[in-house]
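Asker: Hey, dropping entry_15.cif in here, mmCIF, C-alpha atoms and all ligand atoms:
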data_start
loop_
_atom_site.label_atom_id
_atom_site.label_comp_id
_atom_site.auth_asym_id
_atom_site.auth_seq_id
_atom_site.Cartn_x
_atom_site.Cartn_y
_atom_site.Cartn_z
CA MET X 1 -99.71 88.14 -34.11
CA GLN X 2 -96.02 87.22 -33.66
CA TYR X 3 -95.51 86.82 -37.39
CA ILE X 4 -95.60 90.58 -38.02
CA PRO X 5 -91.99 91.75 -38.45
CA LYS X 6 -90.92 93.87 -35.48
CA THR X 7 -88.47 96.34 -37.02
CA TYR X 8 -88.16 98.29 -40.26
CA ASP X 9 -85.11 96.23 -41.02
CA GLN X 10 -87.15 93.02 -40.71
CA ILE X 11 -89.93 94.47 -42.85
CA ASP X 12 -87.38 95.38 -45.46
CA GLN X 13 -85.85 91.88 -45.41
CA TRP X 14 -89.30 90.30 -45.61
CA ASN X 15 -90.37 92.45 -48.57
CA SER X 16 -87.10 91.79 -50.41
CA LEU X 17 -87.47 88.04 -49.90
CA MET X 18 -91.06 87.95 -51.05
CA PHE X 19 -90.10 90.07 -54.07
CA ILE X 20 -87.45 87.48 -55.00
CA TYR X 21 -89.83 84.53 -54.58
CA GLY X 22 -92.46 86.39 -56.60
CA SER X 23 -89.93 87.02 -59.36
CA ALA X 24 -88.91 83.34 -59.39
CA LEU X 25 -92.57 82.39 -59.81
CA LYS X 26 -92.97 84.80 -62.73
CA GLN X 27 -89.91 83.30 -64.43
CA MET X 28 -91.27 79.78 -64.03
CA GLN X 29 -94.61 80.92 -65.46
CA VAL X 30 -92.85 82.31 -68.52
CA LYS X 31 -90.90 79.07 -68.99
CA ILE X 32 -94.10 77.00 -68.80
CA SER X 33 -95.92 79.33 -71.15
CA VAL X 34 -93.06 79.09 -73.69
CA LEU X 35 -93.11 75.28 -73.48
CA SER X 36 -96.85 75.12 -73.97
CA GLY X 37 -96.68 77.62 -76.85
CA GLU X 38 -93.97 75.55 -78.53
CA PHE X 39 -96.05 72.38 -78.24
CA VAL X 40 -99.00 74.09 -79.90
CA HIS X 41 -96.75 75.56 -82.59
CA ILE X 42 -95.01 72.28 -83.47
CA TYR X 43 -97.51 69.52 -82.65
CA ASN X 44 -100.79 71.44 -82.62
CA TYR X 45 -101.29 69.90 -79.18
CA ASN X 46 -101.13 71.47 -75.72
CA PRO X 47 -100.28 69.04 -72.89
CA ILE X 48 -100.94 71.74 -70.27
CA GLU X 49 -104.53 72.28 -69.23
CA HIS X 50 -103.78 75.11 -66.82
CA VAL X 51 -101.22 76.49 -64.39
CA LYS X 52 -101.66 77.89 -60.88
CA ALA X 53 -98.99 79.89 -59.09
CA ARG X 54 -99.03 81.04 -55.48
CA LEU X 55 -96.82 82.67 -52.87
CA LYS X 56 -97.18 81.22 -49.38
CA LYS X 57 -98.90 83.65 -47.03
CA ALA X 58 -96.95 85.11 -44.08
CA GLU X 59 -99.21 83.34 -41.60
CA SER X 60 -98.66 79.93 -43.24
CA ILE X 61 -94.89 80.50 -43.36
CA VAL X 62 -94.78 81.24 -39.63
CA LYS X 63 -97.10 78.31 -38.79
CA LYS X 64 -94.97 75.88 -40.79
CA LEU X 65 -91.66 77.07 -39.28
CA LYS X 66 -93.13 76.71 -35.79
CA ARG X 67 -94.60 73.29 -36.59
CA LEU X 68 -91.17 72.14 -37.73
CA GLY X 69 -89.63 73.58 -34.54
CA TYR X 70 -87.63 76.42 -36.12
CA GLU X 71 -87.28 79.99 -34.98
CA VAL X 72 -89.18 82.41 -37.23
CA SER X 73 -86.45 84.17 -39.19
CA THR X 74 -85.80 85.06 -42.81
CA SER X 75 -82.78 82.72 -42.93
CA ASN X 76 -84.90 79.77 -41.70
CA MET X 77 -87.55 80.70 -44.27
CA THR X 78 -85.11 80.33 -47.15
CA GLU X 79 -83.18 77.37 -45.72
CA LYS X 80 -85.93 75.20 -44.23
CA LEU X 81 -88.96 75.89 -46.44
CA ASN X 82 -89.17 74.74 -50.03
CA ASP X 83 -92.68 75.79 -50.91
CA ILE X 84 -92.77 79.57 -50.39
CA ALA X 85 -93.04 79.86 -54.16
CA GLY X 86 -95.27 77.13 -55.55
CA ILE X 87 -96.50 76.35 -59.02
CA ARG X 88 -98.97 73.65 -60.06
CA ILE X 89 -99.10 72.42 -63.64
CA ILE X 90 -102.23 70.53 -64.61
CA CYS X 91 -101.65 68.23 -67.59
CA SER X 92 -103.97 66.24 -69.81
CA PHE X 93 -102.39 62.77 -69.53
CA THR X 94 -99.94 61.06 -67.16
CA SER X 95 -97.35 60.80 -69.95
CA ASP X 96 -97.47 64.61 -70.33
CA ILE X 97 -96.41 64.97 -66.68
CA TYR X 98 -93.10 63.19 -67.24
CA GLN X 99 -92.47 65.04 -70.47
CA ILE X 100 -93.02 68.45 -68.86
CA ALA X 101 -90.90 67.47 -65.83
CA ASP X 102 -88.10 66.32 -68.12
CA LEU X 103 -88.21 69.44 -70.32
CA LEU X 104 -88.07 71.73 -67.27
CA SER X 105 -85.30 69.77 -65.52
CA ARG X 106 -83.14 69.89 -68.65
CA GLN X 107 -83.22 73.71 -68.82
CA GLY X 108 -79.74 75.07 -68.07
CA ASP X 109 -80.74 77.55 -65.37
CA ILE X 110 -83.00 75.13 -63.46
CA THR X 111 -81.39 72.95 -60.78
CA VAL X 112 -83.50 70.08 -59.47
CA LEU X 113 -82.94 69.75 -55.71
CA TYR X 114 -85.18 66.69 -55.33
CA VAL X 115 -88.17 64.88 -56.78
CA LYS X 116 -91.06 63.15 -55.00
CA ASP X 117 -92.87 60.93 -57.46
CA TYR X 118 -96.25 60.26 -55.86
CA ILE X 119 -97.43 58.83 -59.19
CA LYS X 120 -95.06 55.86 -59.13
CA ASN X 121 -95.36 55.78 -55.31
CA PRO X 122 -98.81 57.12 -54.35
CA LYS X 123 -99.40 58.15 -50.74
CA PRO X 124 -101.40 55.62 -48.65
CA ASN X 125 -104.47 57.90 -48.87
CA GLY X 126 -104.32 57.65 -52.69
CA TYR X 127 -102.72 61.06 -53.38
CA LYS X 128 -100.94 61.14 -56.73
CA SER X 129 -98.83 63.94 -58.14
CA TYR X 130 -95.26 64.57 -59.33
CA HIS X 131 -93.35 67.02 -57.12
CA MET X 132 -90.06 68.72 -57.90
CA VAL X 133 -88.25 71.29 -55.83
CA VAL X 134 -85.95 73.31 -58.06
CA THR X 135 -83.89 76.47 -57.87
CA ILE X 136 -83.93 79.16 -60.49
CA PRO X 137 -81.71 82.25 -60.54
CA VAL X 138 -83.36 85.62 -60.04
CA TYR X 139 -81.07 88.32 -61.45
CA LEU X 140 -80.89 91.27 -59.08
CA ALA X 141 -78.63 94.31 -59.55
CA GLU X 142 -76.02 92.76 -57.22
CA GLY X 143 -76.12 89.37 -58.97
CA PRO X 144 -78.14 86.17 -59.28
CA VAL X 145 -80.03 84.73 -56.31
CA GLU X 146 -80.80 81.01 -56.60
CA THR X 147 -84.42 80.75 -55.46
CA LYS X 148 -86.43 77.64 -54.55
CA VAL X 149 -89.71 76.86 -56.29
CA GLU X 150 -91.92 73.84 -55.59
CA ILE X 151 -93.45 72.45 -58.78
CA GLN X 152 -96.40 70.07 -58.58
CA ILE X 153 -97.42 68.36 -61.81
CA ARG X 154 -100.58 66.27 -62.05
CA THR X 155 -103.42 65.35 -64.38
CA VAL X 156 -106.84 67.00 -64.33
CA ALA X 157 -108.24 63.86 -62.66
CA MET X 158 -105.51 63.78 -59.96
CA ASP X 159 -106.12 67.48 -59.34
CA PHE X 160 -109.84 66.91 -58.98
CA TRP X 161 -109.23 64.30 -56.26
CA ALA X 162 -106.50 66.34 -54.46
CA SER X 163 -108.56 69.55 -54.42
CA LEU X 164 -111.62 67.86 -52.93
CA GLU X 165 -109.59 65.77 -50.47
CA HIS X 166 -107.80 68.93 -49.31
CA LYS X 167 -111.12 70.75 -48.88
CA MET X 168 -112.63 67.89 -46.84
CA TYR X 169 -109.66 67.70 -44.46
CA TYR X 170 -109.22 71.45 -44.27
CA LYS X 171 -112.79 71.84 -43.00
CA VAL X 172 -112.60 69.18 -40.28
CA GLY X 173 -108.92 69.69 -39.36
CA LYS X 174 -108.37 66.12 -38.08
CA GLU X 175 -108.10 62.51 -39.21
CA VAL X 176 -111.39 60.96 -40.35
CA PRO X 177 -112.54 57.39 -39.45
CA ASP X 178 -111.02 54.43 -41.30
CA ASN X 179 -114.12 53.63 -43.35
CA LEU X 180 -114.24 57.19 -44.76
CA GLN X 181 -110.51 57.09 -45.49
CA ALA X 182 -111.04 53.83 -47.34
CA GLU X 183 -113.78 55.46 -49.45
CA LEU X 184 -111.48 58.33 -50.30
CA LYS X 185 -108.82 55.83 -51.36
CA ALA X 186 -111.44 54.01 -53.46
CA CYS X 187 -112.18 57.34 -55.21
CA ALA X 188 -108.45 57.72 -55.91
CA ASP X 189 -108.51 54.27 -57.54
CA VAL X 190 -111.42 55.38 -59.76
CA VAL X 191 -109.43 58.49 -60.72
CA ASP X 192 -106.51 56.19 -61.58
CA MET X 193 -108.68 54.02 -63.75
CA LEU X 194 -110.10 57.12 -65.47
CA ASP X 195 -106.60 58.45 -66.24
CA ALA X 196 -105.52 55.08 -67.66
CA LYS X 197 -108.71 54.78 -69.73
CA MET X 198 -108.48 58.33 -71.12
CA TYR X 199 -104.82 57.74 -72.00
CA SER X 200 -105.52 54.53 -73.91
CA LEU X 201 -108.54 56.14 -75.59
CA ASN X 202 -106.36 59.03 -76.73
CA GLU X 203 -103.72 56.60 -78.05
CA ALA X 204 -106.41 54.68 -79.95
CA ILE X 205 -107.84 57.89 -81.47
CA LEU X 206 -104.35 59.05 -82.54
CA LYS X 207 -103.65 55.65 -84.12
CA TRP X 208 -106.99 55.64 -85.93
CA ASN X 209 -106.38 59.20 -87.17
CA ALA X 210 -102.89 58.31 -88.46
CA GLN X 211 -104.36 55.36 -90.38
CA GLU X 212 -107.09 57.55 -91.88
CA GLU X 213 -104.56 60.17 -92.93
CA GLY X 214 -102.39 57.41 -94.43
CA LYS X 215 -105.35 56.19 -96.47
CA GLU X 216 -106.15 59.71 -97.71
CA GLN X 217 -102.52 60.33 -98.62
CA SER X 218 -102.15 57.11 -100.62
CA ALA X 219 -105.46 57.86 -102.39
CA ASN X 220 -104.11 61.30 -103.38
CA GLU X 221 -100.76 59.89 -104.48
CA GLU X 222 -102.33 57.22 -106.75
CA PRO X 223 -101.31 58.10 -110.32
CA ASP X 224 -104.31 58.99 -112.44
CA LYS X 225 -103.26 57.90 -115.95
CA GLY X 226 -106.19 59.71 -117.59
CA ASN X 227 -105.10 62.99 -116.03
CA LEU X 228 -101.39 62.60 -116.85
CA SER X 229 -102.07 63.07 -120.57
CA ASP X 230 -104.52 65.82 -119.87
CA PRO X 231 -103.07 69.22 -120.83
CA ALA X 232 -105.12 70.82 -118.04
CA PHE X 233 -103.32 68.58 -115.50
CA GLU X 234 -99.94 69.61 -116.90
CA SER X 235 -100.71 73.29 -116.58
CA GLU X 236 -102.00 72.73 -113.00
CA LYS X 237 -98.74 70.97 -112.14
CA SER X 238 -96.54 73.73 -113.45
CA ALA X 239 -98.70 76.35 -111.75
CA ASP X 240 -97.95 74.63 -108.43
CA ILE X 241 -94.19 74.88 -108.79
P1 LIG R 1 -95.79 70.05 -46.81
O1 LIG R 1 -95.07 70.32 -45.54
O2 LIG R 1 -97.27 69.80 -46.63
O3 LIG R 1 -95.55 71.10 -47.85
O4 LIG R 1 -95.24 68.65 -47.32
P2 LIG R 1 -93.76 68.16 -47.62
O5 LIG R 1 -92.78 69.26 -47.42
O6 LIG R 1 -93.53 66.87 -46.92
O7 LIG R 1 -93.80 67.93 -49.18
P3 LIG R 1 -94.74 67.01 -50.09
O8 LIG R 1 -94.03 67.01 -51.39
O9 LIG R 1 -95.08 65.70 -49.47
O10 LIG R 1 -96.10 67.86 -50.19
C1 LIG R 1 -96.10 69.12 -50.74
C2 LIG R 1 -97.49 69.58 -51.07
O11 LIG R 1 -98.18 68.60 -51.83
C3 LIG R 1 -98.42 69.84 -49.90
O12 LIG R 1 -98.20 71.10 -49.34
C4 LIG R 1 -99.78 69.74 -50.60
O13 LIG R 1 -100.03 70.90 -51.38
C5 LIG R 1 -99.55 68.60 -51.56
N1 LIG R 1 -99.91 67.32 -50.92
C6 LIG R 1 -99.10 66.40 -50.37
N2 LIG R 1 -99.78 65.37 -49.87
C7 LIG R 1 -101.09 65.62 -50.11
C8 LIG R 1 -102.30 64.90 -49.82
O14 LIG R 1 -102.31 63.83 -49.25
N3 LIG R 1 -103.46 65.49 -50.22
C9 LIG R 1 -103.49 66.68 -50.89
N4 LIG R 1 -104.68 67.17 -51.25
N5 LIG R 1 -102.37 67.39 -51.17
C10 LIG R 1 -101.18 66.86 -50.78
MG MG R 2 -96.80 72.82 -48.96
#
Re-express the file's structure as structure tokens.

Answerer:
Amino acid sequence: MQYIPKTYDQIDQWNSLMFIYGSALKQMQVKISVLSGEFVHIYNYNPIEHVKARLKKAESIVKKLKRLGYEVSTSNMTEKLNDIAGIRIICSFTSDIYQIADLLSRQGDITVLYVKDYIKNPKPNGYKSYHMVVTIPVYLAEGPVETKVEIQIRTVAMDFWASLEHKMYYKVGKEVPDNLQAELKACADVVDMLDAKMYSLNEAILKWNAQEEGKEQSANEEPDKGNLSDPAFESEKSADI
């Protein structure tokens, strides 16, 4: 149980740090919620299916620091770990991922430290997701504290694969035989195909809908000569103005 802080001072430092990371997470959640609200407001379309936020548990923080060969200290926590505050944004389509990533990166108070694009460069096991580690200022009484947040953005299909893959490995805790790994990779390829198919289906539906709306509009705009001389039409027109 070495991860339990030994002194009141350490407990205080730990609580302050976790408070800051928690606050950074809340700020990111607000930003994402504003973006998704704006999309609905303007385009009547929400690219975000759902959002998950989590603070890394004390035990996982200590395990990771030890695994990386660092002494367990609050300064190593903030310097060496990038995923104490983590947020996962699940989008509808792959194109939404890049749009959300771009909109977040362009916000003035967000600094992108680095990006790992596992969509353009999937991991050998088939894992796909867009990762960004950013900093965001948390305004405390004594001033702003730039705080790291790991953002993972992926589609519903990519999330489905990643969640199940994580569960399978978590349970066994070691590498599985090659043939099973190959099957997992094959599932990732199916997920890929599904994402591509759903994207092109969505594009086709949008195109079809735009054409239908165009037809309706031109039918409504067609001048009806009979009606133009109709006094009832004239009064309708002026009532509209
Ligand atoms: P960690 O030390 O695991 O946090 O990885 P990292 O610091 O090298 O960063 P990376 O961006 O590669 O991974 C960050 C996080 O992405 C991981 O903690 C997982 O949540 C997720 N992730 C990365 N690779 C995989 C994978 O192969 N399968 C699944 N299910 N999740 C993954
Ligand atoms: Mg991690």

Asker: Out of X:Gln13, X:Asn44, X:Gln152, X:Gln181, which residue has the shortest atom-to-atom distance to Thr74 in chain X when counting all atoms listed in the file?

Answerer: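 Smallest distance to Thr74 in chain X is found for X:Gln13.
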
Asker: Between X:Asn209, X:Gln107, X:Ser33, X:Ser60, which one has atoms that come closest to ligand LIG 1 (chain R), using all atoms listed in the file?

Answerer: X:Ser60

Asker: Of the candidates X:Ile61, X:Val149, X:Ile97, X:Leu68, which shows the shortest atom-to-atom distance to Gln27 in chain X, using all atoms listed in the file?

Answerer: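 With all atoms listed in the file as the atom set, the closest residue is X:Val149.
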
Asker: Under the rule that only C-alpha atoms and all ligand atoms are counted, which of X:Glu79, X:Asp117, X:Glu71, X:Glu49 is the nearest residue to ligand LIG 1 (chain R)?

Answerer: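 Comparing X:Glu79, X:Asp117, X:Glu71, X:Glu49 against ligand LIG 1 (chain R), the winner is X:Asp117.
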
Asker: Which one of X:Asn82, X:Ser105, X:Asn202, X:Asn121 sits closest to ligand MG 2 (chain R) if you count only C-alpha atoms and all ligand atoms?

Answerer: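 Between X:Asn82, X:Ser105, X:Asn202, X:Asn121, the residue approaching ligand MG 2 (chain R) most closely is X:Asn82.
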
Asker: So, with only C-alpha atoms as the atoms that count, which of X:Lys185, X:Glu216, X:Tyr127, X:Ala53 lies closest to His166 in chain X?

Answerer: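 Checking each of X:Lys185, X:Glu216, X:Tyr127, X:Ala53 against His166 in chain X, counting only C-alpha atoms, the winner is X:Tyr127.
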
Asker: Please, which residues have at least one atom within 7 Å of an atom of ligand LIG 1 (chain R), using all atoms listed in the file, listed as a short mmCIF file (atom, residue, chain, number, x, y, z; two decimals) with C-alpha atoms, in the coordinates of the input?

Answerer:
data_model
loop_
_atom_site.label_atom_id
_atom_site.label_comp_id
_atom_site.auth_asym_id
_atom_site.auth_seq_id
_atom_site.Cartn_x
_atom_site.Cartn_y
_atom_site.Cartn_z
CA ASP X 83 -92.68 75.79 -50.91
CA LYS X 116 -91.06 63.15 -55.00
CA LYS X 123 -99.40 58.15 -50.74
CA ASN X 125 -104.47 57.90 -48.87
CA TYR X 127 -102.72 61.06 -53.38
CA HIS X 131 -93.35 67.02 -57.12
CA ALA X 162 -106.50 66.34 -54.46
CA SER X 163 -108.56 69.55 -54.42
CA GLU X 165 -109.59 65.77 -50.47
CA HIS X 166 -107.80 68.93 -49.31
#

Asker: With only C-alpha atoms and all ligand atoms counted and 9 Å as the cut-off, give the residues of chain X in contact with ligand MG 2 (chain R), each with its shortest interatomic distance in Å and the pair that gives it, as JSON lines.

Answerer:
{"residue": "X:Lys56", "atom": "CA", "partner": "R:MG2", "partner_atom": "MG", "distance": 8.4}
{"residue": "X:Lys64", "atom": "CA", "partner": "R:MG2", "partner_atom": "MG", "distance": 8.9}
{"residue": "X:Leu81", "atom": "CA", "partner": "R:MG2", "partner_atom": "MG", "distance": 8.8}
{"residue": "X:Asn82", "atom": "CA", "partner": "R:MG2", "partner_atom": "MG", "distance": 7.9}
{"residue": "X:Asp83", "atom": "CA", "partner": "R:MG2", "partner_atom": "MG", "distance": 5.4}
{"residue": "X:Ile84", "atom": "CA", "partner": "R:MG2", "partner_atom": "MG", "distance": 8.0}
{"residue": "X:Gly86", "atom": "CA", "partner": "R:MG2", "partner_atom": "MG", "distance": 8.0}
{"residue": "X:Glu150", "atom": "CA", "partner": "R:MG2", "partner_atom": "MG", "distance": 8.3}

Asker: Need to verify the contact set: Ala85 in chain X, 10 Å, only C-alpha atoms, exclusion of same-chain residues closer than 5 positions in sequence. Can you return it as a list in words?

Answerer: Met18, Ile20, Tyr21, Gly22, Ser23, Ala24, Leu25, Lys26, Ala53, Arg54, Leu55, Lys56, Lys57, Val133, Thr147, Lys148, Val149, Glu150 and Ile151 of chain X

Asker: Which residues come within 7 Å of range 89-96 of chain X, counting all atoms listed in the file, excluding same-chain residues fewer than 4 positions away, as a list in words?

Answerer: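 Selected residues are Pro47, Ile48, Glu49, His50, Val51, Lys52, Ile100, Gln152, Ile153, Arg154, Thr155, Val156, Asp195 and Tyr199 of chain X.
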
Asker: Can you measure CA of Phe160 in chain X to CA of Ile87 in chain X for me? One decimal in Å is fine.

Answerer: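 So the answer is 16.3 Å.
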
Asker: How many Å separate CA of Arg106 in chain X from CA of Glu142 in chain X?

Answerer: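 Atom-to-atom, CA of Arg106 in chain X and CA of Glu142 in chain X are spaced 26.5 Å apart.
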
Asker: Could you work out an axis-aligned bounding box for all listed atoms of range 172-182 of chain X, with 4 Å added on each of the six sides, and give its centre and edge lengths in Å to one decimal, as AutoDock Vina command-line options?

Answerer:
--center_x -111.2 --center_y 61.7 --center_z -42.7 --size_x 14.1 --size_y 24.1 --size_z 17.3

Asker: So how far away is CA of Ser129 in chain X from CA of Lys207 in chain X, in Å?

Answerer: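 Answer for the CA of Lys207 in chain X to CA of Ser129 in chain X separation: 27.7 Å.
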
Asker: Excluding same-chain residues fewer than 5 positions from Leu194 in chain X, what lies within 10 Å of it counting all atoms listed in the file, as a list of chain:residue names?

Answerer: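 Contacts, with the query itself left out: X:Ala157, X:Met158, X:Ala188, X:Asp189, X:Tyr199, X:Ser200.
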
Asker: Restricted to N, CA and C atoms, what does range 92-119 of chain X look like when written out as a PDB file, in the first residue's frame?

Answerer:
ATOM      1  N   SER X  92     -20.040  10.245 -34.450  1.00  0.00           N
ATOM      2  CA  SER X  92     -20.825   9.413 -35.357  1.00  0.00           C
ATOM      3  C   SER X  92     -19.959   8.899 -36.508  1.00  0.00           C
ATOM      4  N   PHE X  93     -19.267   9.823 -37.196  1.00  0.00           N
ATOM      5  CA  PHE X  93     -18.505   9.443 -38.388  1.00  0.00           C
ATOM      6  C   PHE X  93     -17.045   9.882 -38.262  1.00  0.00           C
ATOM      7  N   THR X  94     -16.171   9.223 -39.024  1.00  0.00           N
ATOM      8  CA  THR X  94     -14.734   9.540 -38.952  1.00  0.00           C
ATOM      9  C   THR X  94     -14.490  11.030 -39.226  1.00  0.00           C
ATOM     10  N   SER X  95     -15.233  11.586 -40.197  1.00  0.00           N
ATOM     11  CA  SER X  95     -15.025  13.008 -40.530  1.00  0.00           C
ATOM     12  C   SER X  95     -15.323  13.908 -39.331  1.00  0.00           C
ATOM     13  N   ASP X  96     -16.276  13.496 -38.482  1.00  0.00           N
ATOM     14  CA  ASP X  96     -16.613  14.281 -37.288  1.00  0.00           C
ATOM     15  C   ASP X  96     -15.415  14.374 -36.341  1.00  0.00           C
ATOM     16  N   ILE X  97     -14.631  13.296 -36.292  1.00  0.00           N
ATOM     17  CA  ILE X  97     -13.479  13.235 -35.382  1.00  0.00           C
ATOM     18  C   ILE X  97     -12.530  14.388 -35.678  1.00  0.00           C
ATOM     19  N   TYR X  98     -12.196  14.551 -36.969  1.00  0.00           N
ATOM     20  CA  TYR X  98     -11.235  15.586 -37.343  1.00  0.00           C
ATOM     21  C   TYR X  98     -11.813  16.980 -37.139  1.00  0.00           C
ATOM     22  N   GLN X  99     -13.114  17.093 -37.342  1.00  0.00           N
ATOM     23  CA  GLN X  99     -13.747  18.402 -37.154  1.00  0.00           C
ATOM     24  C   GLN X  99     -13.718  18.800 -35.666  1.00  0.00           C
ATOM     25  N   ILE X 100     -14.069  17.849 -34.807  1.00  0.00           N
ATOM     26  CA  ILE X 100     -14.064  18.128 -33.364  1.00  0.00           C
ATOM     27  C   ILE X 100     -12.635  18.442 -32.897  1.00  0.00           C
ATOM     28  N   ALA X 101     -11.674  17.640 -33.366  1.00  0.00           N
ATOM     29  CA  ALA X 101     -10.269  17.845 -32.968  1.00  0.00           C
ATOM     30  C   ALA X 101      -9.812  19.233 -33.394  1.00  0.00           C
ATOM     31  N   ASP X 102     -10.191  19.628 -34.603  1.00  0.00           N
ATOM     32  CA  ASP X 102      -9.777  20.930 -35.131  1.00  0.00           C
ATOM     33  C   ASP X 102     -10.420  22.068 -34.332  1.00  0.00           C
ATOM     34  N   LEU X 103     -11.725  21.923 -34.048  1.00  0.00           N
ATOM     35  CA  LEU X 103     -12.432  22.983 -33.317  1.00  0.00           C
ATOM     36  C   LEU X 103     -11.858  23.146 -31.909  1.00  0.00           C
ATOM     37  N   LEU X 104     -11.508  22.040 -31.263  1.00  0.00           N
ATOM     38  CA  LEU X 104     -10.933  22.132 -29.911  1.00  0.00           C
ATOM     39  C   LEU X 104      -9.533  22.744 -29.978  1.00  0.00           C
ATOM     40  N   SER X 105      -8.712  22.257 -30.931  1.00  0.00           N
ATOM     41  CA  SER X 105      -7.317  22.755 -30.991  1.00  0.00           C
ATOM     42  C   SER X 105      -7.250  24.245 -31.286  1.00  0.00           C
ATOM     43  N   ARG X 106      -8.280  24.760 -32.000  1.00  0.00           N
ATOM     44  CA  ARG X 106      -8.236  26.183 -32.356  1.00  0.00           C
ATOM     45  C   ARG X 106      -8.725  27.095 -31.242  1.00  0.00           C
ATOM     46  N   GLN X 107      -9.212  26.523 -30.122  1.00  0.00           N
ATOM     47  CA  GLN X 107      -9.668  27.379 -29.020  1.00  0.00           C
ATOM     48  C   GLN X 107      -8.453  28.006 -28.345  1.00  0.00           C
ATOM     49  N   GLY X 108      -8.558  29.310 -28.075  1.00  0.00           N
ATOM     50  CA  GLY X 108      -7.416  30.098 -27.599  1.00  0.00           C
ATOM     51  C   GLY X 108      -6.755  29.597 -26.331  1.00  0.00           C
ATOM     52  N   ASP X 109      -7.528  29.012 -25.418  1.00  0.00           N
ATOM     53  CA  ASP X 109      -6.937  28.607 -24.143  1.00  0.00           C
ATOM     54  C   ASP X 109      -6.473  27.150 -24.137  1.00  0.00           C
ATOM     55  N   ILE X 110      -6.651  26.465 -25.293  1.00  0.00           N
ATOM     56  CA  ILE X 110      -6.185  25.068 -25.367  1.00  0.00           C
ATOM     57  C   ILE X 110      -4.847  25.035 -26.111  1.00  0.00           C
ATOM     58  N   THR X 111      -3.854  24.389 -25.505  1.00  0.00           N
ATOM     59  CA  THR X 111      -2.565  24.203 -26.182  1.00  0.00           C
ATOM     60  C   THR X 111      -2.398  22.714 -26.459  1.00  0.00           C
ATOM     61  N   VAL X 112      -2.193  22.386 -27.735  1.00  0.00           N
ATOM     62  CA  VAL X 112      -2.002  20.968 -28.077  1.00  0.00           C
ATOM     63  C   VAL X 112      -0.529  20.623 -27.863  1.00  0.00           C
ATOM     64  N   LEU X 113      -0.257  19.671 -26.959  1.00  0.00           N
ATOM     65  CA  LEU X 113       1.129  19.256 -26.720  1.00  0.00           C
ATOM     66  C   LEU X 113       1.574  18.272 -27.796  1.00  0.00           C
ATOM     67  N   TYR X 114       0.730  17.274 -28.079  1.00  0.00           N
ATOM     68  CA  TYR X 114       1.012  16.369 -29.198  1.00  0.00           C
ATOM     69  C   TYR X 114      -0.244  15.599 -29.595  1.00  0.00           C
ATOM     70  N   VAL X 115      -0.161  15.039 -30.787  1.00  0.00           N
ATOM     71  CA  VAL X 115      -1.286  14.268 -31.348  1.00  0.00           C
ATOM     72  C   VAL X 115      -0.764  12.889 -31.714  1.00  0.00           C
ATOM     73  N   LYS X 116      -1.572  11.844 -31.465  1.00  0.00           N
ATOM     74  CA  LYS X 116      -1.256  10.512 -31.994  1.00  0.00           C
ATOM     75  C   LYS X 116      -2.459  10.096 -32.823  1.00  0.00           C
ATOM     76  N   ASP X 117      -2.277  10.072 -34.133  1.00  0.00           N
ATOM     77  CA  ASP X 117      -3.397   9.757 -35.009  1.00  0.00           C
ATOM     78  C   ASP X 117      -3.379   8.265 -35.361  1.00  0.00           C
ATOM     79  N   TYR X 118      -4.063   7.485 -34.515  1.00  0.00           N
ATOM     80  CA  TYR X 118      -4.144   6.043 -34.764  1.00  0.00           C
ATOM     81  C   TYR X 118      -5.259   5.722 -35.773  1.00  0.00           C
ATOM     82  N   ILE X 119      -5.789   6.765 -36.423  1.00  0.00           N
ATOM     83  CA  ILE X 119      -6.773   6.489 -37.487  1.00  0.00           C
ATOM     84  C   ILE X 119      -5.995   6.424 -38.806  1.00  0.00           C
TER      85      ILE X 119
END
